[in-house]
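Student: If you scroll down you'll find the structure; I have some questions about it.
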Amino acid sequence: MSSHILKKTKLATSLSLILGAATTLSAYAAEVEQQEDLEVIQITGFKGSIKESTQLKRYSSGVVDAISSEDIGKFPDTNLAESLQRITGVSIDRSNGEGSKVTVRGFGPDYNMVTLNGRTMPAASLPAGGGAPNSRAYDFANLASESVKSVEVYKTGKASIASGGIGATININTARPLDNPGLVANVGVKAQHDTTNRVGDDITPEISGIFSWTDEEAKFGVSLTASMQERDSSATGAFVNEWRTTEYDGTIPQAADDIVLENAPAMGQYYSMPSDLRYTIADRERTRTNAQLTFQYSPIDSLTATLDYTYSQQELFEARAEQSIWMDNYKTHLIFDDNEVKTPIYYREERRDLSTRDLGLALQEQNQVNENNSIGLNIEYYFSDQLSFMFDAHSSKATSKPDAPYGSWVNAGLGANVVAAQEVDFSRDLPSMMIDFDDCSRANLNCSGALEQADVGTSILDANFASQESTVDEFRLHGNYVMDNGSIDFGIESRSMESHSLQSLTRNTMGNWGIENPGELPDGYLDPTNFLAEFDDYDTSGSFDQGFTGSASQIGYWAAEQYGFNFAADGAYATNRTIEEDIKAAFVQYNYTNEISGMPFNLVIGARYETTDITSTANIDLPDAVAWEGNNDFNVRYGTNKEDYSLSSSYNHFLPSLDFDINVHDDVTLRASYSTTIARPTYDNLSSAATVGVPTGPTIIPGTTNAPASTGNPALVPLESDNFDVSAEWYFTDVSYVSVGYFNKKVDNFIGLSPMTQNYYGLRDVSAGPRAEAAKAELEAQGLAFTDSNLFQMVAAMENGVAFDSMSYEEFEAAYDVLPNADDPLMDFTAQVPTNNKDAKIDGYEFAVQHFFGDTGFGLQANYTIVNGDIDFNVAADPTTTQFALVGLSDTANFIAMYENDKFQARIAYNWRDKFLNSAARYVNEPSFTEEYYQIDFNIAYNYSEKMSFFIEGLNITEQNMRQHGRYQAQLWNLEQSGARYNIGMRYNF
């Protein structure tokens, strides 16, 4: 064995000891054999930590990137996702301006596996605004970076690593006391200023501390790390609920007879129409607590036992206000763009049959708490210099649940009937919301010429309850046998996972959008707010600026007493789902080291075999009617009957892997890797029962789409990917390198959606039955316009024996609901059924350079990733056809410049992600694209003494905003205006 090969083994061993992150026992066995020759990497400053991660990348088999604790601690990043985005090929999804979930090489969060100290972690998170929790993806916002020692990203598969990640397996390592003998203790304090904050504290605190102690012989040790952070922030934004694309037949549904169409679609051309436009203001509070307690005992050199407990909690509160207009009828003027699918860049509605209509003024509130608990035991034992074993067991639980009696999300619908006409300019980045204000047409309004609380009435109150609890119990036994020129790793694993999701919506009726009871709320419940004043970065000229903020829960408690209902999320569960997975696995891996013509090489050949048993159980409250409550307002009503649906399936996988690297020169390494990896379906796709929705309007009206339904498929199998990687790396110093790599992933069993139209639960369609037909005929006989409003009015009048012209539409809506009966036809639901019916290929290139300029203290890191897929979303395709497309694919880039000396450290980081498809069916078959985004962060630190240091950090200092659109940029889906965050703090070492 050449000396170069021996040096390589020692360095890999050293890294394993420092990072505490070996996924096999090869390095530990080598440590026993070669302990007297260890090369210890001293971690000091940027350069020391980057040296450590560089050496891991250089001497690992396969494609591995890492960030050390020093790197995480010195980045201006609030969590691990923010740090991981600096790695080549890694991009992140943001929530409230913070990194939340990770995409690797184009594969989104659900296709990556996250482990903690090599252990598979459960995930639980609730979608914003209610809805059933579905994702397997671990939310990195739950973990503070201060409590983590290192993070590794394995981009190629290995037999010894838990399956479940196609994009990557991300392993989070925590500190262990025996790695740092003696007494280590420090405390850090930080003050954060979020420039978006409106009503909370402008300065919020963070405190973190580390205590680690071992006895003199380093046989027993204990460590405790803890952190607590508070953050107050706000967000201003806009969104559209629905874009609907249809074929132009010469008419625009629910348009005025004298509608003006400019640049109208051609006959048969597709065009899209919006349902509404909403401005939003959200005030948020977040408290995050992390802690880890670790005990280690090593009575003899060959035995080490580690017991650890990890805890994290994140409490979330949001008070949100909306100002909205509906775009459902009386269209009078439309100007379309020139796209292949036409979009109205100007939209105007004028009320003709009524004096005014409502301006929506909803208030919402979120109360949620996420909690993670994990306890684990690890035992390492060396029988001899050649044979060693590692046993690891852990039990982990993640919960996400409401933190208020009314549930996790409440929506208080408010309205003011003050809109005589409304128009929108969709050609702006922020579409304008312009209205002709009139509070004098209705006798019971305030007639002041300005929007006041006296104009506002209530409508409905929705209380949403959602929760998710996921558990993982896992046992692993890994062995290692060292031979000449190599070693064999082998092991068995057992993992049991269970995830239980609940979701319900309780709807209570309050007033009638301000028609009957304007000004009914007690004084002081609404705070007048200029919404436009919050949009600093956009043209708001001409838009309506009056709105309100307030407390949705305060209105909820008042309404419960006023209208006689219980303000609690106690409705029937639309989702009550349990997914159980039992996984058994065995692996073997041969590690071989030698040389060819004096060039050292490493060969790793492995195979993993897994069996998986799945049971999907749904206990649901059966719906018994779809009630017609107004023009295009339908509501699914539930009874007391429940039904259990339980289905089981199983599958197995053989997962081979091969890694080869060779040093063609002392400083140049070539790599080639092949592996088969899998990623399991999300929980909603495995559900065993159907959830039904409501139609977009009365079925009798042309252009109305079927009611949607969603259902899962427990027989789905995981995505399976054949992965091929090649790369070349030139390490011209111990902290400087240039690398270029190519990756190719051929993925089978992608989950597509197959549309299926059928009836569910025997529900009937009142808007397509004989009563609707009779009402339509009567309207035509009277020569009246045929709209969803007067159709409902006529049906309700005929149903209840009331004269059609005796009440206004709003009075009919307030007084009557129309329920289906046995004469009505069965309602057609169009369900998108998940099916393993798609294949795709993803490939791309990764370029990286890292260099420190001698002893000047200056250094830089730069990387660029190109990701390509062979299936794109066709924005001009038939909107009635469900498209399969690869989501999350985008090019990414990072540039980091840094400087350090004995006293001073500074770093500025630029991160960029190109436009990407985030959903192929955000609404029915409408796509959603996230627009190009970049962010600049910085960090400056000053070491006052060996014990005390000060620092200042800035995040998103150029205050970039997030925007999502549909088929084209004018089709706004969502916009959120962001701001910068600044931290100042100090750390003291005892």
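Ordering of the structure tokens sets the chain letters (A, B, ...); residue numbers start at 1 within each chain; ligands are numbered from 1 in the order shown.
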Near Pro770 in chain A, counting only C-alpha atoms, which residues have an atom at most 10 Å away, once you skip same-chain residues fewer than 5 positions from it, shown as a ChimeraX atom specification?
Tutor: /A:775-776,823-825
Student: Could the residues in this selection be written to a file with C-alpha atoms, as a PDB file, in the first residue's frame?
Tutor:
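Writing the result to part32.pdb gives the following:
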```pdb
ATOM      1  CA  ALA A 775     -86.315  28.233 -12.766  1.00  0.00           C
ATOM      2  CA  LYS A 776     -84.308  28.690 -15.950  1.00  0.00           C
ATOM      3  CA  ASP A 823     -85.432  13.942  -7.965  1.00  0.00           C
ATOM      4  CA  ASP A 824     -82.073  15.638  -8.523  1.00  0.00           C
ATOM      5  CA  PRO A 825     -79.402  13.787 -10.532  1.00  0.00           C
TER       6      PRO A 825
END
```
Student: Where does DSSP see strand (DSSP E or B) in range 157-288 of chain A, if you list the residues as an mmCIF file with C-alpha atoms, in the first residue's frame?
Tutor:
```cif
data_model
loop_
_atom_site.group_PDB
_atom_site.id
_atom_site.type_symbol
_atom_site.label_atom_id
_atom_site.label_comp_id
_atom_site.auth_asym_id
_atom_site.auth_seq_id
_atom_site.Cartn_x
_atom_site.Cartn_y
_atom_site.Cartn_z
ATOM 1 C CA THR A 169 -29.806 12.230 1.964
ATOM 2 C CA ILE A 170 -29.136 15.089 4.380
ATOM 3 C CA ASN A 171 -27.579 14.076 7.684
ATOM 4 C CA ILE A 172 -27.551 16.463 10.667
ATOM 5 C CA ASN A 173 -24.880 15.791 13.265
ATOM 6 C CA LEU A 183 -14.993 21.526 30.072
ATOM 7 C CA VAL A 184 -16.494 23.559 27.252
ATOM 8 C CA ALA A 185 -19.080 26.229 28.032
ATOM 9 C CA ASN A 186 -20.280 29.307 26.204
ATOM 10 C CA VAL A 187 -23.338 31.477 25.919
ATOM 11 C CA GLY A 188 -24.520 33.699 23.092
ATOM 12 C CA VAL A 189 -27.092 36.474 23.003
ATOM 13 C CA LYS A 190 -28.550 38.085 19.925
ATOM 14 C CA ALA A 191 -30.974 40.912 19.213
ATOM 15 C CA GLN A 192 -32.921 40.672 15.966
ATOM 16 C CA HIS A 193 -34.555 43.507 14.071
ATOM 17 C CA ASP A 194 -36.998 42.520 11.340
ATOM 18 C CA ILE A 203 -36.222 44.080 18.643
ATOM 19 C CA THR A 204 -36.612 40.420 19.629
ATOM 20 C CA PRO A 205 -34.151 38.268 21.602
ATOM 21 C CA GLU A 206 -32.269 35.046 21.015
ATOM 22 C CA ILE A 207 -30.131 33.231 23.552
ATOM 23 C CA SER A 208 -28.129 30.047 23.112
ATOM 24 C CA GLY A 209 -25.700 28.121 25.253
ATOM 25 C CA ILE A 210 -23.445 25.077 25.208
ATOM 26 C CA PHE A 211 -22.186 23.087 28.180
ATOM 27 C CA SER A 212 -19.971 20.043 27.710
ATOM 28 C CA TRP A 213 -17.972 18.192 30.364
ATOM 29 C CA THR A 214 -15.928 15.007 30.594
ATOM 30 C CA PHE A 220 -17.721 9.778 30.909
ATOM 31 C CA GLY A 221 -19.180 12.953 29.496
ATOM 32 C CA VAL A 222 -22.348 15.004 29.409
ATOM 33 C CA SER A 223 -23.330 17.894 27.161
ATOM 34 C CA LEU A 224 -26.295 20.232 26.926
ATOM 35 C CA THR A 225 -27.012 22.639 24.111
ATOM 36 C CA ALA A 226 -30.030 24.932 24.133
ATOM 37 C CA SER A 227 -31.381 27.948 22.317
ATOM 38 C CA MET A 228 -34.483 30.122 22.359
ATOM 39 C CA GLN A 229 -35.426 32.655 19.718
ATOM 40 C CA GLU A 230 -38.340 35.048 19.303
ATOM 41 C CA ARG A 231 -39.198 36.786 16.050
ATOM 42 C CA ASP A 232 -41.911 39.326 15.217
ATOM 43 C CA SER A 233 -42.503 40.101 11.557
ATOM 44 C CA SER A 234 -45.092 41.197 9.040
ATOM 45 C CA ALA A 235 -45.791 40.494 5.396
ATOM 46 C CA THR A 236 -47.787 42.391 2.822
ATOM 47 C CA GLY A 237 -48.968 40.631 -0.277
ATOM 48 C CA ALA A 238 -51.584 39.883 -2.896
ATOM 49 C CA PHE A 239 -53.059 36.743 -4.401
ATOM 50 C CA TRP A 243 -57.437 31.159 -12.671
ATOM 51 C CA ARG A 244 -59.686 29.205 -15.017
ATOM 52 C CA THR A 245 -58.751 28.503 -18.613
ATOM 53 C CA THR A 246 -61.405 27.652 -21.194
ATOM 54 C CA GLU A 247 -62.055 27.735 -24.926
ATOM 55 C CA ALA A 255 -70.882 39.349 -18.971
ATOM 56 C CA ALA A 256 -72.994 42.438 -19.554
ATOM 57 C CA ASP A 257 -74.862 42.560 -22.835
ATOM 58 C CA ASP A 258 -72.813 45.590 -23.906
ATOM 59 C CA ILE A 259 -69.421 44.215 -22.814
ATOM 60 C CA VAL A 260 -66.433 45.796 -24.574
ATOM 61 C CA LEU A 261 -63.794 43.284 -25.660
ATOM 62 C CA GLU A 262 -60.427 44.533 -26.897
ATOM 63 C CA TYR A 270 -57.972 29.368 -24.990
ATOM 64 C CA TYR A 271 -58.246 32.219 -22.509
ATOM 65 C CA SER A 272 -57.963 32.509 -18.711
ATOM 66 C CA MET A 273 -60.115 34.408 -16.245
ATOM 67 C CA PRO A 274 -59.469 35.263 -12.572
ATOM 68 C CA ASP A 276 -60.858 37.527 -7.503
ATOM 69 C CA LEU A 277 -58.015 39.732 -6.309
ATOM 70 C CA ARG A 278 -56.958 40.069 -2.697
ATOM 71 C CA TYR A 279 -54.533 42.289 -0.830
ATOM 72 C CA THR A 280 -53.225 40.925 2.463
ATOM 73 C CA ILE A 281 -51.426 42.084 5.575
ATOM 74 C CA ALA A 282 -50.095 39.459 7.976
ATOM 75 C CA ASP A 283 -48.547 40.112 11.393
ATOM 76 C CA ARG A 284 -46.606 37.121 12.723
ATOM 77 C CA GLU A 285 -44.998 35.916 15.933
ATOM 78 C CA ARG A 286 -42.654 32.953 16.200
ATOM 79 C CA THR A 287 -40.944 31.415 19.223
ATOM 80 C CA ARG A 288 -38.444 28.605 18.635
#
```
Student: Mind running range 599-702 of chain A against range 731-750 of chain A at 10 Å and telling me each contacting residue's nearest atom pair with the distance in Å (one decimal), counting only C-alpha atoms, chain and number ascending, as JSON lines?
Tutor:
```
{"residue": "A:Asp666", "atom": "CA", "partner": "A:Tyr731", "partner_atom": "CA", "distance": 8.7}
{"residue": "A:Asp667", "atom": "CA", "partner": "A:Tyr731", "partner_atom": "CA", "distance": 5.0}
{"residue": "A:Val668", "atom": "CA", "partner": "A:Tyr731", "partner_atom": "CA", "distance": 6.3}
{"residue": "A:Thr669", "atom": "CA", "partner": "A:Tyr731", "partner_atom": "CA", "distance": 8.2}
{"residue": "A:Leu670", "atom": "CA", "partner": "A:Gly741", "partner_atom": "CA", "distance": 9.7}
{"residue": "A:Arg671", "atom": "CA", "partner": "A:Gly741", "partner_atom": "CA", "distance": 8.9}
{"residue": "A:Ala672", "atom": "CA", "partner": "A:Gly741", "partner_atom": "CA", "distance": 9.7}
{"residue": "A:Ser673", "atom": "CA", "partner": "A:Phe743", "partner_atom": "CA", "distance": 9.3}
{"residue": "A:Tyr674", "atom": "CA", "partner": "A:Asn744", "partner_atom": "CA", "distance": 9.7}
{"residue": "A:Ser675", "atom": "CA", "partner": "A:Lys745", "partner_atom": "CA", "distance": 9.6}
{"residue": "A:Thr676", "atom": "CA", "partner": "A:Lys745", "partner_atom": "CA", "distance": 9.3}
{"residue": "A:Thr677", "atom": "CA", "partner": "A:Val747", "partner_atom": "CA", "distance": 9.3}
{"residue": "A:Ile678", "atom": "CA", "partner": "A:Val747", "partner_atom": "CA", "distance": 9.0}
{"residue": "A:Ala679", "atom": "CA", "partner": "A:Phe750", "partner_atom": "CA", "distance": 9.7}
{"residue": "A:Pro681", "atom": "CA", "partner": "A:Phe750", "partner_atom": "CA", "distance": 9.2}
```
Student: Which value, in Å to one decimal, gives the distance between CA of Leu955 in chain A and CA of Asn901 in chain A?
Tutor: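 Spanning CA of Leu955 in chain A to CA of Asn901 in chain A is a straight-line distance of 23.2 Å.
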Student: Taking the DSSP secondary structure from the backbone, can you list the residues of range 655-900 of chain A that are alpha helix (DSSP H), as a PyMOL selection string?
Tutor: chain A and resi 770-781+788-800+809-815
Student: Hey, what's within 6 Å of Thr892 in chain A if we count only C-alpha atoms and toss same-chain stuff fewer than 4 positions away? As a list in words, please?
Tutor: Tyr864, Thr865, Trp912 and Arg913 of chain A
Student: So which one's closest to Pro253 in chain A, A:Ile555, A:Ala920, A:Ala815, A:Ile701? Using only C-alpha atoms, please.
Tutor: A:Ile701
Student: Closest to Lys47 in chain A among A:Phe853, A:Phe895, A:Phe587, A:Phe951, using only C-alpha atoms?
Tutor: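 Of A:Phe853, A:Phe895, A:Phe587, A:Phe951, the one nearest Lys47 in chain A, counting only C-alpha atoms, is A:Phe853.
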